$ cat target_1.cif   # mmCIF, C-alpha atoms
data_my_file
loop_
_atom_site.group_PDB
_atom_site.id
_atom_site.type_symbol
_atom_site.label_atom_id
_atom_site.label_comp_id
_atom_site.auth_asym_id
_atom_site.auth_seq_id
_atom_site.Cartn_x
_atom_site.Cartn_y
_atom_site.Cartn_z
ATOM 1 C CA MET A 223 117.040 91.804 90.552
ATOM 2 C CA SER A 224 118.087 95.042 92.155
ATOM 3 C CA SER A 225 120.705 95.034 94.893
ATOM 4 C CA VAL A 226 118.718 97.603 96.873
ATOM 5 C CA LEU A 227 116.636 96.111 99.647
ATOM 6 C CA ARG A 228 113.033 97.219 99.855
ATOM 7 C CA PRO A 229 111.732 98.238 103.308
ATOM 8 C CA ALA A 230 110.452 95.374 105.402
ATOM 9 C CA ALA A 231 106.796 94.977 106.252
ATOM 10 C CA THR A 232 105.601 96.496 109.503
ATOM 11 C CA GLY A 233 102.574 96.462 111.787
ATOM 12 C CA ASP A 234 99.843 94.011 110.900
ATOM 13 C CA GLU A 235 101.860 92.665 107.976
ATOM 14 C CA TYR A 236 104.206 90.842 110.332
ATOM 15 C CA ARG A 237 103.615 87.134 110.637
ATOM 16 C CA THR A 238 103.426 86.253 114.327
ATOM 17 C CA ALA A 239 103.601 82.713 115.670
ATOM 18 C CA ARG A 240 100.731 81.656 117.926
ATOM 19 C CA THR A 241 102.623 79.041 119.886
ATOM 20 C CA TYR A 242 105.900 79.024 121.748
ATOM 21 C CA ARG A 243 108.743 76.761 120.658
ATOM 22 C CA ALA A 244 111.461 75.572 123.000
ATOM 23 C CA VAL A 245 114.905 76.607 121.782
ATOM 24 C CA SER A 246 116.782 75.464 124.877
ATOM 25 C CA SER A 247 116.065 74.087 128.331
ATOM 26 C CA HIS A 248 115.782 77.671 129.589
ATOM 27 C CA LEU A 249 114.125 79.532 126.715
ATOM 28 C CA ALA A 250 111.021 79.310 124.536
ATOM 29 C CA ILE A 251 110.135 81.816 121.822
ATOM 30 C CA ALA A 252 107.126 82.792 119.737
ATOM 31 C CA PRO A 253 108.768 84.793 116.904
ATOM 32 C CA PRO A 254 109.498 82.642 113.821
ATOM 33 C CA VAL A 255 113.169 82.476 112.865
ATOM 34 C CA SER A 256 114.404 82.494 109.253
ATOM 35 C CA VAL A 257 117.945 81.407 108.367
ATOM 36 C CA VAL A 258 119.432 82.809 105.153
ATOM 37 C CA ILE A 259 122.240 80.826 103.507
ATOM 38 C CA PRO A 260 123.860 82.304 100.382
ATOM 39 C CA ALA A 261 125.504 79.493 98.416
ATOM 40 C CA MET A 262 127.317 78.919 95.149
ATOM 41 C CA ASN A 263 128.727 75.458 94.445
ATOM 42 C CA GLU A 264 128.587 74.405 98.103
ATOM 43 C CA ALA A 265 127.025 70.948 97.673
ATOM 44 C CA GLU A 266 129.848 69.247 99.563
ATOM 45 C CA ASN A 267 129.612 71.658 102.509
ATOM 46 C CA LEU A 268 125.852 71.825 102.948
ATOM 47 C CA PRO A 269 125.575 68.510 104.860
ATOM 48 C CA TYR A 270 127.823 69.972 107.573
ATOM 49 C CA VAL A 271 125.867 73.248 107.603
ATOM 50 C CA PHE A 272 122.398 71.719 107.825
ATOM 51 C CA LYS A 273 123.497 69.130 110.381
ATOM 52 C CA THR A 274 124.090 71.875 112.947
ATOM 53 C CA LEU A 275 120.895 73.859 112.334
ATOM 54 C CA PRO A 276 118.367 73.620 115.216
ATOM 55 C CA ASP A 277 115.110 71.855 114.400
ATOM 56 C CA TRP A 278 113.023 74.698 115.851
ATOM 57 C CA ILE A 279 113.920 77.049 112.992
ATOM 58 C CA HIS A 280 110.850 78.311 111.154
ATOM 59 C CA GLU A 281 112.401 78.315 107.674
ATOM 60 C CA VAL A 282 115.681 78.012 105.790
ATOM 61 C CA VAL A 283 116.153 80.270 102.760
ATOM 62 C CA LEU A 284 118.896 79.102 100.409
ATOM 63 C CA VAL A 285 119.997 81.720 97.896
ATOM 64 C CA ASP A 286 121.603 79.894 94.992
ATOM 65 C CA GLY A 287 124.173 81.926 93.076
ATOM 66 C CA ASN A 288 123.858 80.000 89.800
ATOM 67 C CA SER A 289 125.607 76.896 91.105
ATOM 68 C CA THR A 290 126.970 74.430 88.566
ATOM 69 C CA ASP A 291 126.987 71.527 91.015
ATOM 70 C CA ASN A 292 123.999 69.968 92.804
ATOM 71 C CA THR A 293 123.800 72.538 95.592
ATOM 72 C CA VAL A 294 120.027 72.956 95.271
ATOM 73 C CA GLU A 295 119.304 69.221 95.110
ATOM 74 C CA VAL A 296 121.438 68.540 98.185
ATOM 75 C CA ALA A 297 119.721 71.341 100.120
ATOM 76 C CA ARG A 298 116.268 69.953 99.315
ATOM 77 C CA GLU A 299 117.321 66.469 100.326
ATOM 78 C CA LEU A 300 118.738 67.671 103.638
ATOM 79 C CA TRP A 301 115.913 70.104 104.469
ATOM 80 C CA PRO A 302 112.774 69.185 102.457
ATOM 81 C CA ASP A 303 110.984 72.456 103.261
ATOM 82 C CA VAL A 304 113.922 74.653 102.272
ATOM 83 C CA LYS A 305 112.934 77.775 100.348
ATOM 84 C CA VAL A 306 115.244 78.067 97.326
ATOM 85 C CA VAL A 307 115.676 81.485 95.740
ATOM 86 C CA GLU A 308 117.660 81.980 92.545
ATOM 87 C CA GLN A 309 120.055 84.917 92.699
ATOM 88 C CA GLN A 310 119.755 87.191 89.681
ATOM 89 C CA GLY A 311 122.717 89.452 90.468
ATOM 90 C CA LYS A 312 126.236 88.723 91.691
ATOM 91 C CA GLY A 313 128.081 89.006 94.989
ATOM 92 C CA LYS A 314 127.426 88.092 98.610
ATOM 93 C CA GLY A 315 125.667 91.359 99.349
ATOM 94 C CA ASP A 316 123.252 90.848 96.488
ATOM 95 C CA ALA A 317 122.631 87.262 97.634
ATOM 96 C CA LEU A 318 121.845 88.338 101.195
ATOM 97 C CA ILE A 319 119.527 91.102 100.035
ATOM 98 C CA THR A 320 117.713 88.581 97.845
ATOM 99 C CA GLY A 321 117.430 86.186 100.784
ATOM 100 C CA PHE A 322 116.185 88.834 103.200
ATOM 101 C CA GLU A 323 113.401 89.738 100.788
ATOM 102 C CA ALA A 324 112.266 86.116 100.722
ATOM 103 C CA CYS A 325 112.139 85.663 104.513
ATOM 104 C CA SER A 326 108.839 85.416 106.358
ATOM 105 C CA GLY A 327 110.253 85.192 109.890
ATOM 106 C CA ASP A 328 110.390 88.031 112.410
ATOM 107 C CA ILE A 329 114.006 87.123 113.229
ATOM 108 C CA ILE A 330 116.571 86.682 110.446
ATOM 109 C CA VAL A 331 119.888 84.863 110.855
ATOM 110 C CA MET A 332 122.765 85.013 108.337
ATOM 111 C CA VAL A 333 124.847 81.834 108.005
ATOM 112 C CA ASP A 334 127.639 81.071 105.519
ATOM 113 C CA ALA A 335 127.430 77.896 103.433
ATOM 114 C CA ASP A 336 131.079 76.829 103.718
ATOM 115 C CA GLY A 337 130.754 74.956 107.012
ATOM 116 C CA SER A 338 132.700 77.560 108.995
ATOM 117 C CA ALA A 339 129.768 78.468 111.260
ATOM 118 C CA ASP A 340 128.173 76.317 113.946
ATOM 119 C CA GLY A 341 124.393 76.472 113.649
ATOM 120 C CA GLN A 342 124.041 75.522 117.306
ATOM 121 C CA GLU A 343 125.206 79.046 118.154
ATOM 122 C CA ILE A 344 121.947 80.425 116.727
ATOM 123 C CA VAL A 345 120.300 79.963 120.125
ATOM 124 C CA SER A 346 122.710 82.554 121.581
ATOM 125 C CA TYR A 347 121.822 85.059 118.864
ATOM 126 C CA VAL A 348 118.089 84.531 119.275
ATOM 127 C CA SER A 349 118.382 84.747 123.065
ATOM 128 C CA ALA A 350 120.045 88.154 122.745
ATOM 129 C CA LEU A 351 117.292 89.398 120.439
ATOM 130 C CA VAL A 352 114.353 88.256 122.550
ATOM 131 C CA SER A 353 116.127 89.760 125.581
ATOM 132 C CA GLY A 354 116.056 93.223 124.045
ATOM 133 C CA ALA A 355 118.752 93.578 121.393
ATOM 134 C CA ASP A 356 117.864 94.741 117.878
ATOM 135 C CA PHE A 357 120.966 93.300 116.230
ATOM 136 C CA ALA A 358 123.017 90.331 117.452
ATOM 137 C CA LYS A 359 126.484 90.571 115.946
ATOM 138 C CA GLY A 360 128.815 87.602 115.875
ATOM 139 C CA SER A 361 132.372 88.243 117.018
ATOM 140 C CA ARG A 362 135.391 85.982 116.719
ATOM 141 C CA PHE A 363 137.350 88.216 119.095
ATOM 142 C CA ALA A 364 134.854 88.686 121.914
ATOM 143 C CA ASN A 365 135.558 86.664 125.047
ATOM 144 C CA GLY A 366 134.629 83.066 124.191
ATOM 145 C CA GLY A 367 134.960 83.476 120.422
ATOM 146 C CA GLY A 368 137.716 82.295 118.115
ATOM 147 C CA THR A 369 138.795 81.598 114.553
ATOM 148 C CA ASP A 370 140.672 78.857 112.747
ATOM 149 C CA ASP A 371 140.516 80.625 109.396
ATOM 150 C CA MET A 372 142.303 83.989 109.606
ATOM 151 C CA THR A 373 145.889 84.720 108.687
ATOM 152 C CA PHE A 374 147.883 87.300 110.624
ATOM 153 C CA ILE A 375 147.446 89.813 107.786
ATOM 154 C CA ARG A 376 143.661 89.367 107.769
ATOM 155 C CA LYS A 377 143.504 89.709 111.545
ATOM 156 C CA LEU A 378 145.550 92.892 111.357
ATOM 157 C CA GLY A 379 143.367 94.297 108.588
ATOM 158 C CA ASN A 380 140.177 93.442 110.452
ATOM 159 C CA TRP A 381 141.524 95.087 113.613
ATOM 160 C CA ALA A 382 142.522 98.252 111.742
ATOM 161 C CA LEU A 383 139.177 98.587 109.966
ATOM 162 C CA CYS A 384 137.299 97.813 113.173
ATOM 163 C CA THR A 385 139.246 100.510 115.012
ATOM 164 C CA ILE A 386 138.364 103.066 112.339
ATOM 165 C CA VAL A 387 134.655 102.233 112.546
ATOM 166 C CA ASN A 388 134.681 102.410 116.342
ATOM 167 C CA ARG A 389 136.337 105.824 116.348
ATOM 168 C CA LYS A 390 134.386 107.344 113.478
ATOM 169 C CA PHE A 391 130.929 106.037 114.345
ATOM 170 C CA GLY A 392 131.066 105.568 118.112
ATOM 171 C CA ALA A 393 130.783 101.790 117.948
ATOM 172 C CA ARG A 394 132.329 99.300 120.372
ATOM 173 C CA TYR A 395 132.925 96.366 118.085
ATOM 174 C CA THR A 396 135.590 93.727 118.620
ATOM 175 C CA ASP A 397 135.070 92.270 115.131
ATOM 176 C CA LEU A 398 133.981 93.929 111.902
ATOM 177 C CA CYS A 399 134.148 91.628 108.881
ATOM 178 C CA TYR A 400 132.178 88.603 110.040
ATOM 179 C CA GLY A 401 129.056 87.258 108.378
ATOM 180 C CA TYR A 402 127.338 85.428 111.238
ATOM 181 C CA ASN A 403 124.676 87.855 112.487
ATOM 182 C CA ALA A 404 121.008 87.921 113.455
ATOM 183 C CA PHE A 405 118.456 90.706 113.728
ATOM 184 C CA TRP A 406 114.784 91.571 113.977
ATOM 185 C CA ARG A 407 113.235 91.986 110.552
ATOM 186 C CA HIS A 408 112.172 95.560 111.315
ATOM 187 C CA CYS A 409 115.855 96.566 111.302
ATOM 188 C CA LEU A 410 115.846 96.294 107.514
ATOM 189 C CA ASP A 411 113.738 99.454 107.338
ATOM 190 C CA LYS A 412 116.514 101.420 108.998
ATOM 191 C CA ILE A 413 119.687 100.097 107.382
ATOM 192 C CA ASP A 414 118.601 100.156 103.704
ATOM 193 C CA LEU A 415 121.224 97.825 102.246
ATOM 194 C CA ASP A 416 122.593 98.796 98.841
ATOM 195 C CA CYS A 417 125.880 97.005 98.122
ATOM 196 C CA THR A 418 126.661 93.725 96.399
ATOM 197 C CA GLY A 419 129.975 92.375 97.719
ATOM 198 C CA PHE A 420 131.558 91.025 100.898
ATOM 199 C CA GLU A 421 131.533 94.568 102.299
ATOM 200 C CA VAL A 422 127.807 94.178 103.002
ATOM 201 C CA GLU A 423 128.633 92.940 106.516
ATOM 202 C CA THR A 424 130.580 96.116 107.308
ATOM 203 C CA LEU A 425 127.792 98.247 105.856
ATOM 204 C CA MET A 426 125.267 96.543 108.130
ATOM 205 C CA ASN A 427 127.473 97.039 111.185
ATOM 206 C CA ILE A 428 127.896 100.744 110.453
ATOM 207 C CA ARG A 429 124.270 101.457 109.661
ATOM 208 C CA VAL A 430 122.844 99.744 112.728
ATOM 209 C CA VAL A 431 125.025 102.063 114.820
ATOM 210 C CA LYS A 432 124.010 105.126 112.783
ATOM 211 C CA ALA A 433 120.357 104.122 113.222
ATOM 212 C CA GLY A 434 120.746 103.957 116.991
ATOM 213 C CA LEU A 435 119.818 100.281 117.169
ATOM 214 C CA LYS A 436 120.773 98.219 120.197
ATOM 215 C CA VAL A 437 123.634 95.893 119.286
ATOM 216 C CA GLN A 438 124.889 92.936 121.315
ATOM 217 C CA GLU A 439 128.012 91.011 120.317
ATOM 218 C CA ILE A 440 127.809 87.216 120.444
ATOM 219 C CA PRO A 441 131.036 85.216 120.889
ATOM 220 C CA SER A 442 131.347 82.914 117.895
ATOM 221 C CA HIS A 443 133.916 80.402 116.679
ATOM 222 C CA GLU A 444 134.801 80.392 113.000
ATOM 223 C CA TYR A 445 135.992 77.034 111.673
ATOM 224 C CA LEU A 446 137.944 76.283 108.531
ATOM 225 C CA ARG A 447 136.052 75.986 105.268
ATOM 226 C CA ILE A 448 135.511 72.246 104.807
ATOM 227 C CA HIS A 449 135.610 71.902 101.009
ATOM 228 C CA GLY A 450 136.510 74.237 98.167
ATOM 229 C CA THR A 451 138.127 77.657 98.173
ATOM 230 C CA SER A 452 136.761 80.990 99.312
ATOM 231 C CA ASN A 453 135.943 83.821 96.910
ATOM 232 C CA LEU A 454 137.222 86.275 99.508
ATOM 233 C CA ARG A 455 140.308 88.238 98.455
ATOM 234 C CA ALA A 456 141.865 89.969 101.446
ATOM 235 C CA VAL A 457 143.420 92.992 99.716
ATOM 236 C CA ARG A 458 140.687 93.604 97.161
ATOM 237 C CA ASP A 459 137.831 93.179 99.614
ATOM 238 C CA GLY A 460 139.726 95.100 102.304
ATOM 239 C CA PHE A 461 139.774 98.148 100.044
ATOM 240 C CA ARG A 462 136.081 97.701 99.312
ATOM 241 C CA VAL A 463 135.378 97.665 103.044
ATOM 242 C CA LEU A 464 137.465 100.820 103.492
ATOM 243 C CA ASN A 465 135.552 102.530 100.685
ATOM 244 C CA VAL A 466 132.271 101.700 102.441
ATOM 245 C CA ILE A 467 133.587 103.188 105.698
ATOM 246 C CA LEU A 468 134.704 106.394 103.977
ATOM 247 C CA ARG A 469 131.437 106.686 102.064
ATOM 248 C CA GLU A 470 129.325 106.229 105.175
ATOM 249 C CA ARG A 471 131.492 108.746 107.048
ATOM 250 C CA SER A 472 131.041 111.293 104.248
ATOM 251 C CA ASN A 473 127.287 110.737 104.254
ATOM 252 C CA ARG A 474 127.196 111.259 108.005
ATOM 253 C CA ARG A 475 129.073 114.537 107.711
ATOM 254 C CA ALA A 476 126.754 115.717 104.949
ATOM 255 C CA LEU A 477 123.680 114.971 107.068
ATOM 256 C CA ARG A 478 125.228 116.748 110.038
ATOM 257 C CA ARG A 479 125.985 119.863 107.969
ATOM 258 C CA ARG A 480 122.471 119.828 106.586
ATOM 259 C CA ALA A 481 121.019 119.586 110.090
ATOM 260 C CA GLU A 482 123.215 122.452 111.280
ATOM 261 C CA ARG A 483 122.176 124.680 108.398
ATOM 262 C CA SER A 484 118.449 124.018 108.644
ATOM 263 C CA PRO A 485 117.748 126.180 111.762
ATOM 264 C CA MET A 486 119.665 129.081 110.201
ATOM 265 C CA LEU A 487 117.689 128.807 106.998
ATOM 266 C CA ASP A 488 114.437 128.719 108.928
ATOM 267 C CA SER A 489 115.477 131.855 110.814
ATOM 268 C CA VAL A 490 116.346 133.678 107.622
ATOM 269 C CA ARG A 491 113.056 132.723 106.020
ATOM 270 C CA GLY A 492 111.231 133.981 109.116
ATOM 271 C CA GLU A 493 112.972 137.367 108.979
ATOM 272 C CA VAL A 494 112.269 137.765 105.255
ATOM 273 C CA SER A 495 108.616 136.944 105.654
#

$ encode --input "target_1.cif" --output "structure tokens"
Amino acid sequence: MSSVLRPAATGDEYRTARTYRAVSSHLAIAPPVSVVIPAMNEAENLPYVFKTLPDWIHEVVLVDGNSTDNTVEVARELWPDVKVVEQQGKGKGDALITGFEACSGDIIVMVDADGSADGQEIVSYVSALVSGADFAKGSRFANGGGTDDMTFIRKLGNWALCTIVNRKFGARYTDLCYGYNAFWRHCLDKIDLDCTGFEVETLMNIRVVKAGLKVQEIPSHEYLRIHGTSNLRAVRDGFRVLNVILRERSNRRALRRRAERSPMLDSVRGEVS
């Protein structure tokens, strides 16, 4: 399967819920919510993940990255209606793209399968979206957020990369490399994801800003992975994130130069004709 996300459906193709569902004592929503969980050998962690998911969620999409344990069986036991999608490629970015394609909800939420995210926070993300945001971005460093799983070096790297993105793209992020986010499905048309690794989260954050989408940060607490070890490698993946930033900056400059040249070319063509 390709790691390039096809544009999302629009207009009459959207599936719209006919009834409202209570998501808290103060909020009810009509849009169906899909939760995408990329997982590879996370059978021991899934009980903690699914336990925190709200019961008003429309669907859970589990993207299985060729697990050798009983990840899929555990997911089906915990959430009988779970939609399981087999990942054909490799990497977190590829898994998310695969999951997004399989979603039928108008709102999509990204949740890691290692037990580090609290599914009860989803109500805050959805509340931000139905209140007018296009993209609800989780932040461990916004007021009210926190993390139990970052070393000093990773915090420093995240801060440095976040600062670069803010200065180069006009963003106001407090966190950059965090995978707990939610967005309206129509955003997929504008961010055109095309990377396979952990840097997919940075790519999303940059492209929503470049697309002029309304972003709201959501304070989130990241807990320690419960079982197993992470595939994240701070130095390697840090350089991949930096490469994405530089590539997106170069693309922005190229588009700007093209836009600046176009009126001149039109004027020249007019004089010649």

$ residues_around --input "target_1.cif" --residues "Tyr242 of chain A" --least-positions-apart "5" --cutoff "6 Å" --atoms "only C-alpha atoms" --output "VMD selection string"
chain A and resid 250 to 252

$ axis_aligned_box --input "target_1.cif" --around "segment 430-443 of chain A" --padding-each-side "3 Å" --output "AutoDock Vina command-line options"
--center_x 126.9 --center_y 92.8 --center_z 117.0 --size_x 20.1 --size_y 30.7 --size_z 14.6

$ residues_around --input "target_1.cif" --residues "Ser256 of chain A" --least-positions-apart "2" --cutoff "7 Å" --atoms "only C-alpha atoms" --output "ChimeraX atom specification"
/A:254,258,279-282,325-327,329-331

$ closest_residue --input "target_1.cif" --among "A:Ala335, A:Ile448, A:Val352, A:Ile413" --to "Asp286 of chain A" --atoms "all atoms listed in the file"
A:Ala335

$ residues_around --input "target_1.cif" --residues "Val430 of chain A" --least-positions-apart "4" --cutoff "9 Å" --atoms "all atoms listed in the file" --output "PyMOL selection string"
chain A and resi 356-357+409+412-413+425-426+434-437

$ closest_residue --input "target_1.cif" --among "A:Ile440, A:Ala244, A:Ile259, A:Ala324" --to "Arg407 of chain A" --atoms "all atoms listed in the file"
A:Ala324

$ atom_distance --input "target_1.cif" --atom1 "atom CA of Asn365 of chain A" --atom2 "atom CA of Pro441 of chain A"
6.3 Å

$ residues_around --input "target_1.cif" --residues "Phe363 of chain A" --least-positions-apart "6" --cutoff "10 Å" --atoms "all atoms listed in the file" --output "JSON, numbers by chain"
{"A": [369, 377, 381, 395, 396, 397, 398, 439, 440, 441, 442, 443]}

$ atom_distance --input "target_1.cif" --atom1 "atom CA of Ile428 of chain A" --atom2 "atom CA of Val348 of chain A"
20.9 Å

$ resolve_selection --input "target_1.cif" --expression "the PyMOL selection byres ((chain A and resi 462-468) around 12)" --output "PyMOL selection string"
chain A and resi 379-380+382-391+398-400+415-429+454-461+469-475

$ write_last_selection --input "target_1.cif" --atoms "C-alpha atoms" --output "PDB file, keeping the file's coordinate frame"
ATOM      1  CA  GLY A 379     143.367  94.297 108.588  1.00  0.00           C
ATOM      2  CA  ASN A 380     140.177  93.442 110.452  1.00  0.00           C
ATOM      3  CA  ALA A 382     142.522  98.252 111.742  1.00  0.00           C
ATOM      4  CA  LEU A 383     139.177  98.587 109.966  1.00  0.00           C
ATOM      5  CA  CYS A 384     137.299  97.813 113.173  1.00  0.00           C
ATOM      6  CA  THR A 385     139.246 100.510 115.012  1.00  0.00           C
ATOM      7  CA  ILE A 386     138.364 103.066 112.339  1.00  0.00           C
ATOM      8  CA  VAL A 387     134.655 102.233 112.546  1.00  0.00           C
ATOM      9  CA  ASN A 388     134.681 102.410 116.342  1.00  0.00           C
ATOM     10  CA  ARG A 389     136.337 105.824 116.348  1.00  0.00           C
ATOM     11  CA  LYS A 390     134.386 107.344 113.478  1.00  0.00           C
ATOM     12  CA  PHE A 391     130.929 106.037 114.345  1.00  0.00           C
ATOM     13  CA  LEU A 398     133.981  93.929 111.902  1.00  0.00           C
ATOM     14  CA  CYS A 399     134.148  91.628 108.881  1.00  0.00           C
ATOM     15  CA  TYR A 400     132.178  88.603 110.040  1.00  0.00           C
ATOM     16  CA  LEU A 415     121.224  97.825 102.246  1.00  0.00           C
ATOM     17  CA  ASP A 416     122.593  98.796  98.841  1.00  0.00           C
ATOM     18  CA  CYS A 417     125.880  97.005  98.122  1.00  0.00           C
ATOM     19  CA  THR A 418     126.661  93.725  96.399  1.00  0.00           C
ATOM     20  CA  GLY A 419     129.975  92.375  97.719  1.00  0.00           C
ATOM     21  CA  PHE A 420     131.558  91.025 100.898  1.00  0.00           C
ATOM     22  CA  GLU A 421     131.533  94.568 102.299  1.00  0.00           C
ATOM     23  CA  VAL A 422     127.807  94.178 103.002  1.00  0.00           C
ATOM     24  CA  GLU A 423     128.633  92.940 106.516  1.00  0.00           C
ATOM     25  CA  THR A 424     130.580  96.116 107.308  1.00  0.00           C
ATOM     26  CA  LEU A 425     127.792  98.247 105.856  1.00  0.00           C
ATOM     27  CA  MET A 426     125.267  96.543 108.130  1.00  0.00           C
ATOM     28  CA  ASN A 427     127.473  97.039 111.185  1.00  0.00           C
ATOM     29  CA  ILE A 428     127.896 100.744 110.453  1.00  0.00           C
ATOM     30  CA  ARG A 429     124.270 101.457 109.661  1.00  0.00           C
ATOM     31  CA  LEU A 454     137.222  86.275  99.508  1.00  0.00           C
ATOM     32  CA  ARG A 455     140.308  88.238  98.455  1.00  0.00           C
ATOM     33  CA  ALA A 456     141.865  89.969 101.446  1.00  0.00           C
ATOM     34  CA  VAL A 457     143.420  92.992  99.716  1.00  0.00           C
ATOM     35  CA  ARG A 458     140.687  93.604  97.161  1.00  0.00           C
ATOM     36  CA  ASP A 459     137.831  93.179  99.614  1.00  0.00           C
ATOM     37  CA  GLY A 460     139.726  95.100 102.304  1.00  0.00           C
ATOM     38  CA  PHE A 461     139.774  98.148 100.044  1.00  0.00           C
ATOM     39  CA  ARG A 469     131.437 106.686 102.064  1.00  0.00           C
ATOM     40  CA  GLU A 470     129.325 106.229 105.175  1.00  0.00           C
ATOM     41  CA  ARG A 471     131.492 108.746 107.048  1.00  0.00           C
ATOM     42  CA  SER A 472     131.041 111.293 104.248  1.00  0.00           C
ATOM     43  CA  ASN A 473     127.287 110.737 104.254  1.00  0.00           C
ATOM     44  CA  ARG A 474     127.196 111.259 108.005  1.00  0.00           C
ATOM     45  CA  ARG A 475     129.073 114.537 107.711  1.00  0.00           C
TER      46      ARG A 475
END

$ resolve_selection --input "target_1.cif" --expression "the PyMOL selection byres ((chain A and resi 297) around 9)" --output "JSON, numbers by chain"
{"A": [265, 268, 269, 272, 284, 292, 293, 294, 295, 296, 298, 299, 300, 301, 302, 304, 306]}

$ build_atoms --input "target_1.cif" --residues "segment 292-298 of chain A" --atoms "all heavy atoms" --output "tab-separated table (two decimals), keeping the file's coordinate frame"
chain	number	residue	atom	x	y	z
A	292	ASN	N	125.36	70.30	92.36
A	292	ASN	CA	124.00	69.97	92.80
A	292	ASN	C	123.67	70.59	94.16
A	292	ASN	O	123.06	69.95	95.02
A	292	ASN	CB	123.81	68.45	92.84
A	292	ASN	CG	124.80	67.74	93.75
A	292	ASN	OD1	125.89	68.26	94.01
A	292	ASN	ND2	124.44	66.56	94.23
A	293	THR	N	124.07	71.83	94.34
A	293	THR	CA	123.80	72.54	95.59
A	293	THR	C	122.32	72.52	95.95
A	293	THR	O	121.94	72.22	97.09
A	293	THR	CB	124.30	73.99	95.50
A	293	THR	OG1	125.73	73.99	95.49
A	293	THR	CG2	123.81	74.83	96.67
A	294	VAL	N	121.47	72.87	95.00
A	294	VAL	CA	120.03	72.96	95.27
A	294	VAL	C	119.45	71.59	95.61
A	294	VAL	O	118.66	71.44	96.55
A	294	VAL	CB	119.29	73.57	94.06
A	294	VAL	CG1	117.78	73.50	94.27
A	294	VAL	CG2	119.74	75.01	93.84
A	295	GLU	N	119.83	70.57	94.87
A	295	GLU	CA	119.30	69.22	95.11
A	295	GLU	C	119.72	68.71	96.49
A	295	GLU	O	118.91	68.11	97.21
A	295	GLU	CB	119.81	68.26	94.03
A	295	GLU	CG	119.24	68.48	92.64
A	295	GLU	CD	119.88	69.66	91.93
A	295	GLU	OE1	120.88	70.22	92.44
A	295	GLU	OE2	119.37	70.03	90.85
A	296	VAL	N	120.96	68.97	96.87
A	296	VAL	CA	121.44	68.54	98.18
A	296	VAL	C	120.67	69.26	99.29
A	296	VAL	O	120.27	68.66	100.29
A	296	VAL	CB	122.96	68.80	98.32
A	296	VAL	CG1	123.41	68.60	99.76
A	296	VAL	CG2	123.73	67.89	97.40
A	297	ALA	N	120.45	70.57	99.12
A	297	ALA	CA	119.72	71.34	100.12
A	297	ALA	C	118.31	70.79	100.31
A	297	ALA	O	117.83	70.66	101.45
A	297	ALA	CB	119.68	72.81	99.71
A	298	ARG	N	117.64	70.47	99.22
A	298	ARG	CA	116.27	69.95	99.32
A	298	ARG	C	116.23	68.57	99.94
A	298	ARG	O	115.26	68.21	100.62
A	298	ARG	CB	115.64	69.94	97.93
A	298	ARG	CG	115.27	71.35	97.44
A	298	ARG	CD	114.75	71.34	96.03
A	298	ARG	NE	114.20	72.67	95.68
A	298	ARG	CZ	114.14	73.14	94.44
A	298	ARG	NH1	114.58	72.41	93.43
A	298	ARG	NH2	113.64	74.36	94.22
